[in-house]
>>> print(open('data.csv').read())   # CSV, C-alpha atoms and all ligand atoms
chain,number,residue,atom,x,y,z
T,235,MET,CA,81.5,118.6,4.2
T,236,GLU,CA,83.2,115.4,3.0
T,237,THR,CA,86.0,114.3,5.3
T,238,LYS,CA,89.0,113.0,3.4
T,239,LEU,CA,90.9,110.0,4.9
T,240,ILE,CA,94.6,110.5,4.2
T,241,ASP,CA,96.8,107.5,4.8
T,242,ILE,CA,100.3,108.2,5.9
T,243,THR,CA,100.7,105.1,8.1
T,244,ASP,CA,104.0,104.5,6.2
T,245,ILE,CA,105.6,107.9,6.3
T,246,LYS,CA,108.4,107.0,3.8
T,247,LYS,CA,105.7,106.5,1.1
T,248,GLY,CA,103.5,109.4,2.3
T,249,GLU,CA,105.1,112.5,0.7
T,250,VAL,CA,102.2,113.3,-1.6
T,251,GLN,CA,99.7,112.7,1.2
T,252,LEU,CA,101.6,114.9,3.6
T,253,ARG,CA,101.6,117.7,1.1
T,254,GLU,CA,97.9,117.4,0.6
T,255,ALA,CA,97.2,117.5,4.4
T,256,ALA,CA,99.6,120.4,4.9
T,257,SER,CA,98.0,122.4,2.1
T,258,LEU,CA,94.5,122.0,3.7
T,259,LEU,CA,96.0,123.4,6.9
T,260,CYS,CA,97.6,126.3,5.1
T,261,ALA,CA,94.2,127.1,3.5
T,262,GLY,CA,92.6,127.4,6.9
T,263,GLY,CA,91.2,123.9,7.0
T,264,LEU,CA,90.8,121.4,9.8
T,265,VAL,CA,93.0,118.3,9.7
T,266,ALA,CA,93.1,115.6,12.4
T,267,PHE,CA,96.5,113.9,12.9
T,268,PRO,CA,98.2,111.4,15.2
T,269,THR,CA,100.5,112.5,18.1
T,270,GLU,CA,102.2,110.2,20.7
T,271,THR,CA,99.5,111.1,23.3
T,272,VAL,CA,96.1,111.3,21.5
T,273,TYR,CA,94.9,112.4,18.0
T,274,GLY,CA,94.8,116.2,17.6
T,275,LEU,CA,92.5,118.3,15.5
T,276,GLY,CA,94.8,120.7,13.7
T,277,ALA,CA,94.4,124.2,12.3
T,278,ASP,CA,96.8,127.1,11.5
T,279,ALA,CA,97.3,128.6,15.0
T,280,MET,CA,98.0,132.1,13.6
T,281,ASN,CA,94.8,132.3,11.6
T,282,PRO,CA,91.8,133.2,13.9
T,283,LYS,CA,89.2,132.0,11.4
T,284,ALA,CA,90.8,128.6,11.3
T,285,ALA,CA,91.1,128.4,15.1
T,286,GLU,CA,87.4,129.4,15.4
T,287,LYS,CA,86.5,126.5,13.2
T,288,ILE,CA,88.0,124.1,15.7
T,289,TYR,CA,85.6,125.2,18.4
T,290,ALA,CA,82.6,124.8,16.1
T,291,ALA,CA,83.6,121.3,14.9
T,292,LYS,CA,84.2,120.1,18.5
T,293,GLY,CA,81.3,121.9,20.2
T,294,ARG,CA,84.0,123.3,22.4
T,295,PRO,CA,83.4,126.3,24.8
T,296,SER,CA,85.1,129.4,23.4
T,297,ASP,CA,87.0,130.2,26.6
T,298,ASN,CA,88.9,126.9,26.4
T,299,PRO,CA,92.4,127.6,24.9
T,300,LEU,CA,94.1,125.4,22.4
T,301,ILE,CA,97.6,123.9,22.5
T,302,VAL,CA,99.9,125.2,19.8
T,303,HIS,CA,102.2,122.5,18.3
T,304,ILE,CA,105.6,123.3,16.8
T,305,ALA,CA,108.2,121.1,15.1
T,306,GLU,CA,111.4,123.2,15.7
T,307,LEU,CA,112.6,125.1,18.8
T,308,GLY,CA,113.0,128.1,16.4
T,309,ASP,CA,109.2,128.3,15.9
T,310,LEU,CA,108.8,129.2,19.6
T,311,ALA,CA,109.9,132.8,18.8
T,312,LYS,CA,106.7,133.3,16.7
T,313,LEU,CA,104.6,132.6,19.8
T,314,THR,CA,106.4,134.0,22.9
T,315,SER,CA,109.4,136.1,23.9
T,316,ASN,CA,109.3,135.1,27.6
T,317,VAL,CA,111.0,131.8,28.0
T,318,PRO,CA,112.5,131.2,31.4
T,319,ASP,CA,115.7,129.2,31.8
T,320,SER,CA,113.9,126.3,33.5
T,321,ALA,CA,111.7,126.0,30.4
T,322,LYS,CA,114.7,126.0,28.1
T,323,LYS,CA,116.1,123.1,30.2
T,324,LEU,CA,112.8,121.2,29.8
T,325,MET,CA,112.7,121.7,26.1
T,326,ASP,CA,116.3,120.5,25.7
T,327,ASN,CA,115.6,117.4,27.7
T,328,LEU,CA,111.9,116.5,27.2
T,329,TRP,CA,110.9,117.8,23.7
T,330,PRO,CA,109.7,116.4,21.5
T,331,GLY,CA,107.5,114.8,24.1
T,332,PRO,CA,104.2,114.8,26.1
T,333,LEU,CA,104.9,118.1,27.8
T,334,THR,CA,102.9,121.3,27.1
T,335,MET,CA,104.3,124.6,28.5
T,336,ILE,CA,102.4,127.8,29.1
T,337,PHE,CA,104.1,131.2,28.3
T,338,LYS,CA,103.1,134.8,28.0
T,339,LYS,CA,101.9,135.1,24.4
T,340,LYS,CA,103.1,137.5,21.7
T,341,GLU,CA,100.6,139.9,20.3
T,342,GLU,CA,100.6,138.0,16.9
T,343,VAL,CA,99.0,135.0,18.5
T,344,PRO,CA,95.2,135.4,18.0
T,345,TYR,CA,93.0,135.4,21.1
T,346,LYS,CA,90.8,132.9,19.3
T,347,THR,CA,93.7,130.4,19.7
T,348,THR,CA,94.3,131.2,23.4
T,349,GLY,CA,90.6,131.4,24.4
T,350,GLY,CA,91.0,135.1,25.2
T,351,LEU,CA,94.0,134.6,27.5
T,352,ASP,CA,97.3,136.5,27.3
T,353,THR,CA,99.2,133.2,27.6
T,354,VAL,CA,99.8,130.5,25.0
T,355,ALA,CA,100.3,126.7,25.5
T,356,VAL,CA,103.0,125.2,23.4
T,357,ARG,CA,104.2,121.6,22.8
T,358,MET,CA,106.5,119.7,20.4
T,359,PRO,CA,104.9,116.3,19.8
T,360,ASP,CA,107.0,113.2,19.6
T,361,HIS,CA,105.5,111.7,16.5
T,362,PRO,CA,107.0,111.5,13.0
T,363,ILE,CA,103.7,112.2,11.2
T,364,ALA,CA,102.9,115.2,13.5
T,365,LEU,CA,106.3,116.7,13.1
T,366,ALA,CA,106.4,116.2,9.4
T,367,LEU,CA,103.0,117.7,9.0
T,368,ILE,CA,103.8,120.8,11.0
T,369,ARG,CA,107.1,121.3,9.1
T,370,GLU,CA,105.4,120.9,5.7
T,371,SER,CA,102.6,123.3,6.6
T,372,GLY,CA,105.2,125.9,7.7
T,373,CYS,CA,103.0,127.3,10.5
T,374,PRO,CA,102.4,126.5,14.2
T,375,ILE,CA,99.4,124.2,14.5
T,376,ALA,CA,96.7,124.6,17.1
T,377,ALA,CA,95.4,121.2,18.1
T,378,PRO,CA,93.1,120.1,20.8
T,379,SER,CA,92.3,116.5,21.2
T,380,ALA,CA,90.2,115.4,18.1
T,381,ASN,CA,87.1,114.4,19.9
T,382,LEU,CA,83.7,116.0,20.3
T,383,SER,CA,83.8,118.1,23.5
T,384,GLY,CA,83.0,116.1,26.6
T,385,LYS,CA,83.8,112.7,25.0
T,386,PRO,CA,86.9,110.5,25.7
T,387,SER,CA,90.0,111.6,23.8
T,388,PRO,CA,90.7,109.6,20.6
T,389,THR,CA,93.6,107.2,20.6
T,390,ARG,CA,92.9,105.7,17.2
T,391,TRP,CA,91.9,107.4,13.9
T,392,GLU,CA,88.7,105.5,13.9
T,393,HIS,CA,87.7,107.3,17.1
T,394,VAL,CA,88.2,110.6,15.3
T,395,TYR,CA,86.1,109.4,12.4
T,396,GLN,CA,83.3,108.4,14.8
T,397,ASP,CA,83.2,111.9,16.3
T,398,LEU,CA,84.1,114.3,13.5
T,399,ASN,CA,83.4,112.6,10.1
T,400,GLY,CA,81.6,115.3,8.0
T,401,ALA,CA,82.7,118.2,10.3
T,402,ILE,CA,86.4,118.5,9.3
T,403,ASP,CA,88.4,118.5,6.1
T,404,ALA,CA,90.6,115.5,6.7
T,405,ILE,CA,91.8,112.8,9.0
T,406,VAL,CA,95.4,111.7,8.7
T,407,LYS,CA,95.4,108.0,9.4
T,408,GLY,CA,98.3,106.7,11.6
T,409,GLU,CA,98.9,103.9,14.1
T,410,PRO,CA,97.1,103.9,17.5
T,411,CYS,CA,98.7,106.5,19.9
T,412,ARG,CA,101.6,105.2,22.1
T,413,VAL,CA,100.7,107.1,25.3
T,414,GLY,CA,96.9,107.2,25.4
T,415,ILE,CA,96.3,110.2,27.7
T,416,GLU,CA,97.0,113.9,26.9
T,417,SER,CA,100.2,115.8,27.6
T,418,THR,CA,101.2,117.1,31.0
T,419,VAL,CA,100.3,120.8,31.0
T,420,LEU,CA,102.9,123.0,32.9
T,421,ASP,CA,102.4,126.7,33.6
T,422,MET,CA,105.8,128.4,33.3
T,423,THR,CA,104.4,132.0,33.9
T,424,GLY,CA,104.7,131.9,37.7
T,425,GLU,CA,107.7,131.8,39.9
T,426,ILE,CA,107.4,128.0,40.4
T,427,PRO,CA,106.2,125.8,37.5
T,428,MET,CA,102.7,124.5,38.1
T,429,VAL,CA,101.1,121.4,36.7
T,430,LEU,CA,97.7,122.3,35.5
T,431,ARG,CA,97.0,118.9,33.9
T,432,PRO,CA,98.8,115.7,35.0
T,433,GLY,CA,100.1,113.3,32.3
T,434,ILE,CA,102.5,110.5,31.6
T,435,LEU,CA,105.4,112.9,32.2
T,436,THR,CA,105.5,113.2,35.9
T,437,PRO,CA,106.3,116.1,38.3
T,438,GLU,CA,109.3,114.1,39.5
T,439,GLN,CA,110.8,113.9,36.0
T,440,ILE,CA,110.3,117.6,35.6
T,441,GLU,CA,111.9,118.4,38.9
T,442,ARG,CA,114.9,116.3,38.1
T,443,VAL,CA,115.4,118.3,34.8
T,444,ILE,CA,115.1,121.7,36.3
T,445,GLY,CA,116.7,120.9,39.6
T,446,GLY,CA,113.9,122.6,41.5
T,447,LYS,CA,110.4,122.2,42.8
T,448,VAL,CA,107.2,121.9,40.8
T,449,ILE,CA,103.7,122.4,42.3
T,450,LEU,CA,100.3,121.0,41.5
T,451,ASP,CA,97.3,123.2,40.7
T,452,PRO,CA,95.4,122.9,44.0
T,453,ALA,CA,92.2,122.4,42.0
T,454,LEU,CA,93.6,118.9,41.0
T,455,LEU,CA,93.7,117.8,44.6
T,456,VAL,CA,90.2,118.8,45.8
T,457,HIS,CA,88.9,116.5,43.2
T,458,ARG,CA,90.3,113.5,45.0
T,459,PRO,CA,87.4,111.4,46.2
T,460,ARG,CA,88.1,111.8,49.9
T,461,ASP,CA,87.7,115.5,49.5
T,462,VAL,CA,84.7,115.6,47.3
T,463,SER,CA,82.0,115.7,50.0
T,464,GLY,CA,81.7,119.1,51.4
T,465,THR,CA,84.7,120.6,49.8
T,466,GLU,CA,84.2,123.7,47.7
T,467,MET,CA,85.4,123.2,44.1
T,468,ILE,CA,88.4,125.5,43.3
T,469,ALA,CA,88.4,126.8,39.7
T,470,PRO,CA,91.3,125.1,37.9
T,471,LYS,CA,93.8,127.3,36.1
T,472,ALA,CA,93.5,125.4,32.9
T,473,PRO,CA,90.0,126.4,31.6
T,474,GLY,CA,89.5,123.0,30.0
T,475,MET,CA,89.9,121.2,33.3
T,476,LYS,CA,86.6,122.5,34.6
T,477,TYR,CA,84.4,121.0,32.0
T,478,LYS,CA,82.6,117.7,32.0
T,479,HIS,CA,85.0,115.4,30.4
T,480,TYR,CA,85.7,112.0,29.0
T,481,ALA,CA,82.1,110.9,29.7
T,482,PRO,CA,81.0,107.6,28.3
T,483,LYS,CA,77.3,107.2,27.6
T,484,ALA,CA,76.9,104.7,30.5
T,485,GLU,CA,76.6,105.5,34.2
T,486,MET,CA,80.0,104.8,35.8
T,487,MET,CA,81.2,103.9,39.3
T,488,ILE,CA,84.7,103.6,40.6
T,489,LEU,CA,85.6,101.0,43.2
T,490,GLN,CA,88.5,102.0,45.4
T,491,GLY,CA,90.4,99.7,47.9
T,492,ASP,CA,92.5,96.6,48.1
T,493,PHE,CA,92.9,95.0,44.7
T,494,ASN,CA,91.4,91.7,45.6
T,495,ARG,CA,88.5,93.3,47.4
T,496,VAL,CA,87.9,95.5,44.4
T,497,LYS,CA,87.8,92.4,42.2
T,498,GLU,CA,85.3,90.6,44.4
T,499,GLU,CA,83.1,93.6,44.8
T,500,MET,CA,83.2,94.3,41.1
T,501,LYS,CA,82.0,90.8,40.4
T,502,ARG,CA,79.3,91.0,43.0
T,503,ILE,CA,77.9,94.4,41.9
T,504,ALA,CA,78.1,93.4,38.2
T,505,ASP,CA,76.1,90.2,38.9
T,506,GLU,CA,73.5,92.2,40.8
T,507,LYS,CA,73.2,94.8,38.0
T,508,ARG,CA,73.0,92.1,35.3
T,509,LYS,CA,70.1,90.5,37.2
T,510,GLN,CA,68.3,93.8,37.1
T,511,GLY,CA,68.8,93.8,33.3
T,512,SER,CA,71.7,96.2,32.9
T,513,LYS,CA,74.5,95.6,30.3
T,514,VAL,CA,77.5,95.9,32.5
T,515,GLY,CA,81.1,96.7,31.5
T,516,THR,CA,84.2,96.4,33.8
T,517,ILE,CA,87.5,98.2,33.7
T,518,LEU,CA,90.2,96.7,35.9
T,519,PHE,CA,93.9,97.3,35.2
T,520,ASP,CA,96.7,95.3,36.6
T,521,GLU,CA,98.1,96.8,39.8
T,522,ASN,CA,101.2,98.9,39.1
T,523,GLU,CA,100.8,98.7,35.3
T,524,PHE,CA,100.2,102.5,35.2
T,525,GLU,CA,101.5,103.1,31.7
T,526,GLN,CA,99.4,100.3,30.3
T,527,ALA,CA,96.3,101.8,32.1
T,528,ALA,CA,97.1,105.2,30.6
T,529,HIS,CA,97.4,103.6,27.2
T,530,ASP,CA,94.1,101.7,27.4
T,531,PHE,CA,91.7,103.8,29.5
T,532,PHE,CA,90.1,106.1,26.8
T,533,SER,CA,89.9,103.3,24.2
T,534,GLN,CA,88.2,101.1,26.7
T,535,LEU,CA,85.6,103.8,27.5
T,536,ARG,CA,84.9,104.2,23.8
T,537,GLN,CA,84.6,100.4,23.4
T,538,MET,CA,82.0,100.4,26.2
T,539,ASP,CA,79.9,103.0,24.2
T,540,GLU,CA,80.3,100.8,21.0
T,541,ASP,CA,79.1,97.8,23.0
T,542,HIS,CA,76.1,99.7,24.3
T,543,VAL,CA,77.1,99.1,27.9
T,544,ASP,CA,74.8,101.0,30.3
T,545,PHE,CA,76.7,100.5,33.6
T,546,ILE,CA,80.5,100.7,34.0
T,547,LEU,CA,82.4,99.5,37.0
T,548,ALA,CA,86.1,100.6,37.2
T,549,GLY,CA,88.8,99.7,39.6
T,550,ALA,CA,90.8,102.7,41.0
T,551,LEU,CA,94.5,102.9,40.5
T,552,SER,CA,96.8,104.2,43.2
T,553,ASP,CA,96.9,108.0,43.0
T,554,LYS,CA,100.1,108.0,45.0
T,555,ASN,CA,101.9,107.0,41.8
T,556,SER,CA,102.1,110.1,39.5
T,557,ILE,CA,101.0,108.2,36.4
T,558,GLY,CA,98.2,106.5,38.4
T,559,PHE,CA,97.2,110.0,39.5
T,560,ALA,CA,97.1,111.2,35.9
T,561,VAL,CA,94.8,108.3,34.9
T,562,MET,CA,92.7,108.8,38.0
T,563,ASN,CA,92.3,112.5,37.1
T,564,ARG,CA,90.5,111.3,33.9
T,565,MET,CA,88.7,108.4,35.6
T,566,TRP,CA,87.2,110.6,38.3
T,567,LYS,CA,85.8,112.9,35.7
T,568,SER,CA,84.4,110.2,33.5
T,569,ALA,CA,82.6,108.8,36.5
T,570,GLY,CA,81.4,112.2,37.7
T,571,TYR,CA,83.4,111.6,40.9
T,572,HIS,CA,81.2,108.7,41.7
T,573,VAL,CA,83.6,106.6,43.9
T,574,ILE,CA,82.9,104.0,46.5
T,575,GLN,CA,85.3,102.5,49.0
T,576,VAL,CA,85.3,98.7,49.3
J,601,LIG,O1,98.4,115.7,24.4
J,601,LIG,C1,97.8,116.7,24.2
J,601,LIG,O2,98.1,117.7,24.8
J,601,LIG,C2,96.8,116.8,23.0
J,601,LIG,C3,97.5,116.5,21.7
J,601,LIG,C4,96.6,116.6,20.5
J,601,LIG,O3,98.6,117.3,21.6
J,601,LIG,N1,96.1,118.0,23.0
J,601,LIG,C5,95.2,118.3,24.0
J,601,LIG,O4,94.5,119.5,23.8
J,601,LIG,O5,94.9,117.6,24.9
J,601,LIG,P1,93.2,119.9,24.6
J,601,LIG,O6,92.7,121.2,23.9
J,601,LIG,O7,92.2,118.8,24.5
J,601,LIG,O8,93.6,120.3,26.0
J,601,LIG,C6,94.3,121.5,26.3
J,601,LIG,C7,94.3,121.7,27.8
J,601,LIG,C8,93.0,122.3,28.2
J,601,LIG,O9,92.7,121.8,29.5
J,601,LIG,C9,93.2,123.8,28.2
J,601,LIG,O10,92.4,124.5,29.1
J,601,LIG,C10,94.7,123.9,28.7
J,601,LIG,O11,95.3,122.8,28.0
J,601,LIG,N2,95.3,125.1,28.2
J,601,LIG,C11,95.6,125.5,26.9
J,601,LIG,N3,96.1,126.7,26.8
J,601,LIG,C12,96.2,127.2,28.1
J,601,LIG,C13,96.6,128.4,28.7
J,601,LIG,N4,97.0,129.4,28.0
J,601,LIG,N5,96.4,128.5,30.0
J,601,LIG,C14,95.9,127.5,30.8
J,601,LIG,N6,95.5,126.3,30.3
J,601,LIG,C15,95.6,126.2,29.0
J,602,MG,MG,90.7,117.6,25.0
>>> encode(input="data.csv", output="structure tokens")
Amino acid sequence: METKLIDITDIKKGEVQLREAASLLCAGGLVAFPTETVYGLGADAMNPKAAEKIYAAKGRPSDNPLIVHIAELGDLAKLTSNVPDSAKKLMDNLWPGPLTMIFKKKEEVPYKTTGGLDTVAVRMPDHPIALALIRESGCPIAAPSANLSGKPSPTRWEHVYQDLNGAIDAIVKGEPCRVGIESTVLDMTGEIPMVLRPGILTPEQIERVIGGKVILDPALLVHRPRDVSGTEMIAPKAPGMKYKHYAPKAEMMILQGDFNRVKEEMKRIADEKRKQGSKVGTILFDENEFEQAAHDFFSQLRQMDEDHVDFILAGALSDKNSIGFAVMNRMWKSAGYHVIQV
């Protein structure tokens, strides 16, 4: 299949291009497009054949549900009729934005889209191209991150091209993504909202809006390095969180400790590895620059692959900070939980 590159970088001049991309989606095709978090791989969420194609193109396990993207609050009624008051508050305050909420699904939403679950994940992305494309296509758009399953999520259209050229109908070219990590996933089907995947939008921000408590999926916590040895893994509630993820080609190790110690140790180990003939890459974010770290992390991992690095040393961020925790959730997975204290 030839993958079309559709340039809508300047949305004011992109009307024809937008219509072209939307008509591919309406016809059951796969179109990647930018959102504020990462690039998504879109398909008509109400068309099971289209949703099925997403799994094939990404090599994604079929039990891993897709997030459905909408452009208007009114579109929610197509997907669910169970919207708690706290969710309404969150939508009014935080949509469009990097927040995905999970609801009981309507019968009309295909199981192919929800990975066989009776719930559906919904989000309104904060990106002019994404919103315009969803509006123009006239249907809710299922869109996982537009990477091959297991690889770092794409934050530039070039990343999508590297992974999916030849396997999808089109890539809508836009600017690099503003956020850099995927949306916060919040399960609204229980009594207390539960974060299934941490993101740039923090539990504290969510609690402030709803005026009540939010809990973390306990599976997110046992993955903390100090609990890794000897602790049984708990199955996470978001099916996608259990898979091997964000893995660069290189072996990767995380150094955790005081910033200056980490810097020294990183240099020492890097020198040692280089002497042994390894091509070493290092990732070290400024302390307390959590949003910058979120923005850069996936693209740095991809850069390491491009540079044929075979050993990556990364400095841990503080997981006491909620955005730091969100980045660490990805970093731990990409390193296969390989963490050393320094
Ligand atoms: O920022 C994002 O959320 C990006 C952009 C494109 O919007 N999308 C994204 O989708 O990250 P994906 O498919 O890569 O991740 C979706 C996550 C997975 O961990 C999946 O298991 C979980 O959300 N999820 C989706 N529907 C769910 C459901 N009904 N119940 C529990 N978890 C669900
Ligand atoms: Mg993904």
>>> atom_distance(input="data.csv", atom1="CA of Lys501 in chain T", atom2="CA of Met538 in chain T")
17.1 Å
>>> residues_near_ligand(input="data.csv", ligand="ligand MG 602 (chain J)", cutoff="12 Å", atoms="all atoms listed in the file", output="ChimeraX atom specification")
/T:271-275,288-289,292-295,298-301,377-389,415-417,419,431,472-481,532,564
>>> residues_near_point(input="data.csv", point="(89.3, 110.8, 35.2)", cutoff="10 Å", atoms="only C-alpha atoms", output="count of residues only")
20
>>> closest_residue(input="data.csv", among="T:Glu438, T:Glu370, T:Glu485, T:Glu425", to="His572 in chain T", atoms="only C-alpha atoms")
T:Glu485
>>> closest_atom_pairs(input="data.csv", of="range 375-464 of chain T", to="range 332-344 of chain T", cutoff="9 Å", atoms="all atoms listed in the file", output="Markdown table")
| residue | atom | partner | partner_atom | distance |
| --- | --- | --- | --- | --- |
| T:Val413 | CA | T:Pro332 | CA | 8.5 |
| T:Glu416 | CA | T:Pro332 | CA | 7.3 |
| T:Ser417 | CA | T:Pro332 | CA | 4.4 |
| T:Thr418 | CA | T:Leu333 | CA | 5.0 |
| T:Val419 | CA | T:Thr334 | CA | 4.7 |
| T:Leu420 | CA | T:Met335 | CA | 4.9 |
| T:Asp421 | CA | T:Ile336 | CA | 4.6 |
| T:Met422 | CA | T:Ile336 | CA | 5.4 |
| T:Thr423 | CA | T:Phe337 | CA | 5.7 |
| T:Gly433 | CA | T:Pro332 | CA | 7.6 |
| T:Ile434 | CA | T:Pro332 | CA | 7.2 |
| T:Leu435 | CA | T:Pro332 | CA | 6.5 |
>>> closest_residue(input="data.csv", among="T:Ala548, T:Val317, T:Ile557, T:Ala528", to="Arg412 in chain T", atoms="only C-alpha atoms")
T:Ala528
>>> closest_residue(input="data.csv", among="T:Ala401, T:Ile574, T:Cys411, T:Glu254", to="Met486 in chain T", atoms="all atoms listed in the file")
T:Ile574
>>> residues_near_point(input="data.csv", point="(90.8, 113.5, 5.9)", cutoff="10 Å", atoms="all atoms listed in the file", output="number ranges by chain")
T: 236-241, 254-255, 258, 264-267, 395, 399-400, 402-407
>>> closest_residue(input="data.csv", among="T:Ala284, T:Leu252, T:Met235, T:Leu365", to="Glu306 in chain T", atoms="only C-alpha atoms")
T:Leu365
>>> atom_distance(input="data.csv", atom1="CA of Gly276 in chain T", atom2="CA of Lys471 in chain T")
23.4 Å
>>> residues_around(input="data.csv", residues="Val514 in chain T", least_positions_apart="4", cutoff="7 Å", atoms="all atoms listed in the file", output="PyMOL selection string")
chain T and resi 504+508+543-546
>>> atom_distance(input="data.csv", atom1="CA of Glu521 in chain T", atom2="CA of Gln534 in chain T")
17.0 Å
>>> closest_residue(input="data.csv", among="T:Gly263, T:Ala256, T:Ser296, T:Ala376", to="Leu313 in chain T", atoms="all atoms listed in the file")
T:Ala376
>>> closest_residue(input="data.csv", among="T:Thr347, T:Gly331, T:Met325, T:Asp309", to="Ala277 in chain T", atoms="all atoms listed in the file")
T:Thr347
>>> residues_around(input="data.csv", residues="Ile242 in chain T", least_positions_apart="3", cutoff="9 Å", atoms="only C-alpha atoms", output="PDB file with C-alpha atoms, in the coordinates of the input")
ATOM      1  CA  ILE T 245     105.600 107.900   6.300  1.00  0.00           C
ATOM      2  CA  LYS T 246     108.400 107.000   3.800  1.00  0.00           C
ATOM      3  CA  LYS T 247     105.700 106.500   1.100  1.00  0.00           C
ATOM      4  CA  GLY T 248     103.500 109.400   2.300  1.00  0.00           C
ATOM      5  CA  GLU T 249     105.100 112.500   0.700  1.00  0.00           C
ATOM      6  CA  GLN T 251      99.700 112.700   1.200  1.00  0.00           C
ATOM      7  CA  LEU T 252     101.600 114.900   3.600  1.00  0.00           C
ATOM      8  CA  ILE T 363     103.700 112.200  11.200  1.00  0.00           C
ATOM      9  CA  VAL T 406      95.400 111.700   8.700  1.00  0.00           C
ATOM     10  CA  LYS T 407      95.400 108.000   9.400  1.00  0.00           C
ATOM     11  CA  GLY T 408      98.300 106.700  11.600  1.00  0.00           C
TER      12      GLY T 408
END
>>> axis_aligned_box(input="data.csv", around="range 350-367 of chain T", padding_each_side="6 Å", output="JSON")
{"center_x": 99.0, "center_y": 124.0, "center_z": 18.3, "size_x": 28.0, "size_y": 37.0, "size_z": 30.6}
>>> decode(input="data.csv", residues="range 470-496 of chain T", atoms="C-alpha atoms", output="PDB file, in the first residue's frame")
ATOM      1  CA  PRO T 470      -3.019  -3.467  35.439  1.00  0.00           C
ATOM      2  CA  LYS T 471      -6.620  -2.482  34.595  1.00  0.00           C
ATOM      3  CA  ALA T 472      -5.666  -0.863  31.288  1.00  0.00           C
ATOM      4  CA  PRO T 473      -4.801  -3.894  29.143  1.00  0.00           C
ATOM      5  CA  GLY T 474      -2.177  -1.903  27.230  1.00  0.00           C
ATOM      6  CA  MET T 475      -0.173  -1.227  30.374  1.00  0.00           C
ATOM      7  CA  LYS T 476       0.892  -4.857  30.719  1.00  0.00           C
ATOM      8  CA  TYR T 477       2.702  -5.142  27.424  1.00  0.00           C
ATOM      9  CA  LYS T 478       6.367  -4.555  26.753  1.00  0.00           C
ATOM     10  CA  HIS T 479       6.486  -0.941  25.766  1.00  0.00           C
ATOM     11  CA  TYR T 480       8.536   1.941  24.499  1.00  0.00           C
ATOM     12  CA  ALA T 481      11.521  -0.307  23.990  1.00  0.00           C
ATOM     13  CA  PRO T 482      14.524   1.108  22.142  1.00  0.00           C
ATOM     14  CA  LYS T 483      16.751  -1.394  20.324  1.00  0.00           C
ATOM     15  CA  ALA T 484      19.570  -0.799  22.806  1.00  0.00           C
ATOM     16  CA  GLU T 485      19.928  -2.268  26.265  1.00  0.00           C
ATOM     17  CA  MET T 486      18.928   0.406  28.759  1.00  0.00           C
ATOM     18  CA  MET T 487      19.779   1.103  32.395  1.00  0.00           C
ATOM     19  CA  ILE T 488      18.362   3.744  34.746  1.00  0.00           C
ATOM     20  CA  LEU T 489      20.520   5.433  37.373  1.00  0.00           C
ATOM     21  CA  GLN T 490      18.661   6.684  40.410  1.00  0.00           C
ATOM     22  CA  GLY T 491      19.986   8.925  43.162  1.00  0.00           C
ATOM     23  CA  ASP T 492      21.306  12.397  43.865  1.00  0.00           C
ATOM     24  CA  PHE T 493      21.583  14.391  40.616  1.00  0.00           C
ATOM     25  CA  ASN T 494      25.334  15.013  40.825  1.00  0.00           C
ATOM     26  CA  ARG T 495      26.040  11.402  41.772  1.00  0.00           C
ATOM     27  CA  VAL T 496      23.963  10.239  38.823  1.00  0.00           C
TER      28      VAL T 496
END
